[in-house]
Amino acid sequence: MNKSSSVCPLLDLTGKIALVTGAAQGLGRATAETLAGCGAQVIVNHLNQPDVAEMLANNLGNGAWAAQADVSSEAEVERLFETIRQRCGRLDILVNNAGTARSQDIFETSLEDWTQVLNTNLTSCFLCSRRAMELMREQRSGRIVNISSVVAHRGALFGHVHYAATKSGILGFTKTLARTGAPLGINVNAVAPGIIETELLRRTHGDEGVADLAQTIPLGLGRPSDVSNAVAFLCAEASRYITGATLDVNGGAYFR
C-alpha cells in the first residue's frame, strides 16, 4: 500500500516509523493500514499470528515489517525495542492497541483472570511506552496513542470488571505521561472507541444482536476505520497542540 497523493499535508506521515501493538487483526490491523496509507513505515506487532502479520506487512508496503512479541512481558518488550533500535534507529509513533477481554463479572473473575487482563491491557502500555519514550526523548519528538474504551467513562454494562478497570487506568496513564512527555516533544493521547463492527462482535453477538446494538447508538455501529482515522490524526502534525486528551469515537453512545 502506497501513500495516496491526496493525503492532506497535515496528516502526512511519510518517513515516520510507527509501532502498532496487537496489529494482526481488528482495530490494530485497521490502524496499521491507515498509518501506512498516510505514508508511515509500520511495525506490525503480533503475539502468535506470524502468517497473518507477515501478509499484512507485505500488503502495507513502505518497508513495513512484522514483529512477534508478547508486549505484556518485560523481556519480550526489551527484545522488540532493541530490534527496532537496530533496524530503524528511531521510533516516531507508538500505538498501544494490544488488548483482551473476558466475559466475567467480579464473582466469576479469579486473580489469575484479573492479572492476565491487566497485564495485557495496561502493563503492556507501561512497558512499551517506557521504551518508546527513551527513543523519543533522544529525538525530542514522538507521538503515543493509547487505545481505551467508552467503558472507561461509563463502566462496563455487564461484568467485565477487569477490562473496565484497565481502560479507565489507561486514561490516567495517558494524562500523566502527557505531562512527562510535553517538555521532551512527545505528545500522548488516547482514543476511546464505542461499539465497533468487527468479526469478533458478530461472532459474540450474532447478526440479530448486532442489529439490536446498532439501534441503541445515534450514529449506528462504528467501523474500524473510524477509530484508525482518529489515531492517525493524533499521530500527525494536525494535532501538534493536543496532548493528554481522550478522543471519543463512539457515535453518540455516550456523551460527556
# chains A, B, ... in the order shown; residues from 1 in each chain; ligands from 1
call {"tool": "select_by_dssp", "arguments": {"residues": "segment 48-179 of chain A", "states": "strand (DSSP E)", "output": "MDAnalysis selection string"}}
result
chainID A and resid 65:68 93:96 142:147
call {"tool": "residues_around", "arguments": {"residues": "segment 36-38 of chain A", "least_positions_apart": "5", "cutoff": "12 Å", "atoms": "only C-alpha atoms", "output": "PyMOL selection string"}}
result
chain A and resi 1-20+29-31+43-44+56-65+93+225+228-229+231-233+235-237
call {"tool": "select_by_dssp", "arguments": {"residues": "segment 40-223 of chain A", "states": "helix (DSSP H, G or I)", "output": "mmCIF file with C-alpha atoms, in the first residue's frame"}}
result
data_model
loop_
_atom_site.group_PDB
_atom_site.id
_atom_site.type_symbol
_atom_site.label_atom_id
_atom_site.label_comp_id
_atom_site.auth_asym_id
_atom_site.auth_seq_id
_atom_site.Cartn_x
_atom_site.Cartn_y
_atom_site.Cartn_z
ATOM 1 C CA PRO A 50 3.080 -14.814 12.108
ATOM 2 C CA ASP A 51 1.483 -15.691 8.763
ATOM 3 C CA VAL A 52 -1.273 -13.079 9.126
ATOM 4 C CA ALA A 53 1.154 -10.411 10.317
ATOM 5 C CA GLU A 54 3.655 -11.101 7.533
ATOM 6 C CA MET A 55 0.944 -10.932 4.886
ATOM 7 C CA LEU A 56 -0.333 -7.653 6.322
ATOM 8 C CA ALA A 57 3.169 -6.157 6.407
ATOM 9 C CA ASN A 58 3.739 -7.171 2.793
ATOM 10 C CA ASN A 59 0.461 -5.571 1.768
ATOM 11 C CA LEU A 60 1.187 -2.335 3.623
ATOM 12 C CA GLU A 74 9.196 -7.082 30.007
ATOM 13 C CA ALA A 75 11.809 -9.360 28.451
ATOM 14 C CA GLU A 76 9.959 -9.555 25.123
ATOM 15 C CA VAL A 77 9.368 -5.809 25.033
ATOM 16 C CA GLU A 78 13.079 -5.252 25.633
ATOM 17 C CA ARG A 79 13.865 -7.582 22.746
ATOM 18 C CA LEU A 80 11.317 -5.877 20.480
ATOM 19 C CA PHE A 81 12.653 -2.392 21.110
ATOM 20 C CA GLU A 82 16.258 -3.458 20.720
ATOM 21 C CA THR A 83 15.301 -4.801 17.295
ATOM 22 C CA ILE A 84 13.582 -1.507 16.459
ATOM 23 C CA ARG A 85 16.656 0.444 17.521
ATOM 24 C CA GLN A 86 18.925 -1.739 15.422
ATOM 25 C CA ARG A 87 16.718 -1.820 12.310
ATOM 26 C CA CYS A 88 15.297 1.698 12.353
ATOM 27 C CA LEU A 111 -6.976 -13.430 40.493
ATOM 28 C CA GLU A 112 -5.362 -15.151 37.510
ATOM 29 C CA ASP A 113 -8.055 -13.748 35.194
ATOM 30 C CA TRP A 114 -7.655 -10.276 36.700
ATOM 31 C CA THR A 115 -3.876 -10.324 36.364
ATOM 32 C CA GLN A 116 -3.925 -11.611 32.797
ATOM 33 C CA VAL A 117 -6.276 -8.872 31.580
ATOM 34 C CA LEU A 118 -4.396 -6.139 33.455
ATOM 35 C CA ASN A 119 -1.048 -7.298 32.115
ATOM 36 C CA THR A 120 -2.266 -7.467 28.524
ATOM 37 C CA ASN A 121 -4.222 -4.209 28.507
ATOM 38 C CA LEU A 122 -2.396 -1.917 30.927
ATOM 39 C CA THR A 123 1.047 -3.264 31.801
ATOM 40 C CA SER A 124 1.797 -3.526 28.079
ATOM 41 C CA CYS A 125 1.150 0.225 27.754
ATOM 42 C CA PHE A 126 3.637 0.919 30.536
ATOM 43 C CA LEU A 127 6.328 -1.374 29.161
ATOM 44 C CA CYS A 128 6.086 -0.173 25.558
ATOM 45 C CA SER A 129 5.696 3.494 26.442
ATOM 46 C CA ARG A 130 8.729 3.435 28.721
ATOM 47 C CA ARG A 131 10.969 2.100 25.975
ATOM 48 C CA ALA A 132 9.369 4.249 23.271
ATOM 49 C CA MET A 133 9.860 7.414 25.297
ATOM 50 C CA GLU A 134 13.554 6.618 25.720
ATOM 51 C CA LEU A 135 13.909 6.685 21.933
ATOM 52 C CA MET A 136 11.625 9.679 21.512
ATOM 53 C CA ARG A 137 13.475 11.629 24.202
ATOM 54 C CA GLU A 138 16.662 11.303 22.150
ATOM 55 C CA GLN A 139 14.801 12.598 19.079
ATOM 56 C CA VAL A 151 -16.351 1.788 29.236
ATOM 57 C CA ALA A 152 -13.582 3.891 30.787
ATOM 58 C CA HIS A 153 -16.176 6.677 31.110
ATOM 59 C CA ARG A 154 -19.394 4.833 31.844
ATOM 60 C CA VAL A 161 -14.736 -5.547 35.731
ATOM 61 C CA HIS A 162 -11.087 -6.199 34.820
ATOM 62 C CA TYR A 163 -11.498 -4.836 31.295
ATOM 63 C CA ALA A 164 -13.196 -1.649 32.501
ATOM 64 C CA ALA A 165 -10.528 -1.152 35.162
ATOM 65 C CA THR A 166 -7.752 -1.334 32.582
ATOM 66 C CA LYS A 167 -9.443 1.006 30.144
ATOM 67 C CA SER A 168 -10.027 3.562 32.920
ATOM 68 C CA GLY A 169 -6.435 3.148 34.027
ATOM 69 C CA ILE A 170 -5.246 3.931 30.514
ATOM 70 C CA LEU A 171 -6.829 7.382 30.748
ATOM 71 C CA GLY A 172 -4.988 8.286 33.944
ATOM 72 C CA PHE A 173 -1.810 6.816 32.496
ATOM 73 C CA THR A 174 -2.245 8.930 29.355
ATOM 74 C CA LYS A 175 -2.715 12.215 31.210
ATOM 75 C CA THR A 176 0.249 11.628 33.479
ATOM 76 C CA LEU A 177 2.511 10.527 30.640
ATOM 77 C CA ALA A 178 1.489 13.598 28.651
ATOM 78 C CA ARG A 179 2.882 15.837 31.398
ATOM 79 C CA THR A 180 6.170 13.934 31.350
ATOM 80 C CA GLY A 181 6.383 13.926 27.574
ATOM 81 C CA ALA A 182 5.493 17.538 26.801
ATOM 82 C CA PRO A 183 8.902 19.068 27.668
ATOM 83 C CA LEU A 184 10.511 16.306 25.602
ATOM 84 C CA GLU A 199 -15.723 -10.003 13.061
ATOM 85 C CA LEU A 200 -15.394 -10.592 16.802
ATOM 86 C CA LEU A 201 -18.527 -8.555 17.513
ATOM 87 C CA ARG A 202 -20.560 -10.638 15.063
ATOM 88 C CA ARG A 203 -19.170 -13.884 16.476
ATOM 89 C CA THR A 204 -20.060 -12.915 20.037
ATOM 90 C CA HIS A 205 -23.450 -11.258 19.393
ATOM 91 C CA GLY A 206 -24.763 -12.744 16.137
ATOM 92 C CA ASP A 207 -26.413 -10.757 13.366
ATOM 93 C CA GLU A 208 -29.591 -10.114 15.353
ATOM 94 C CA GLY A 209 -27.665 -8.991 18.411
ATOM 95 C CA VAL A 210 -25.510 -6.648 16.341
ATOM 96 C CA ALA A 211 -28.634 -5.135 14.762
ATOM 97 C CA ASP A 212 -30.101 -4.565 18.231
ATOM 98 C CA LEU A 213 -26.907 -2.869 19.382
ATOM 99 C CA ALA A 214 -26.937 -0.570 16.374
ATOM 100 C CA GLN A 215 -30.399 0.675 17.351
#
call {"tool": "closest_residue", "arguments": {"among": "A:Val227, A:Ile217, A:Leu47, A:Gly251", "to": "Ala32 of chain A", "atoms": "only C-alpha atoms"}}
result
A:Val227
call {"tool": "closest_residue", "arguments": {"among": "A:Ser149, A:Gly39, A:Ala23, A:Gly244", "to": "Ala67 of chain A", "atoms": "only C-alpha atoms"}}
result
A:Ala23
call {"tool": "atom_distance", "arguments": {"atom1": "atom CA of Leu94 of chain A", "atom2": "atom CA of Val150 of chain A"}}
result
20.9 Å
call {"tool": "atom_distance", "arguments": {"atom1": "atom CA of Gly194 of chain A", "atom2": "atom CA of Asn96 of chain A"}}
result
16.9 Å
call {"tool": "closest_residue", "arguments": {"among": "A:Ala156, A:Leu219, A:Ala192, A:Val145", "to": "Ser239 of chain A", "atoms": "only C-alpha atoms"}}
result
A:Val145
call {"tool": "atom_distance", "arguments": {"atom1": "atom CA of Asp92 of chain A", "atom2": "atom CA of Ile144 of chain A"}}
result
8.5 Å
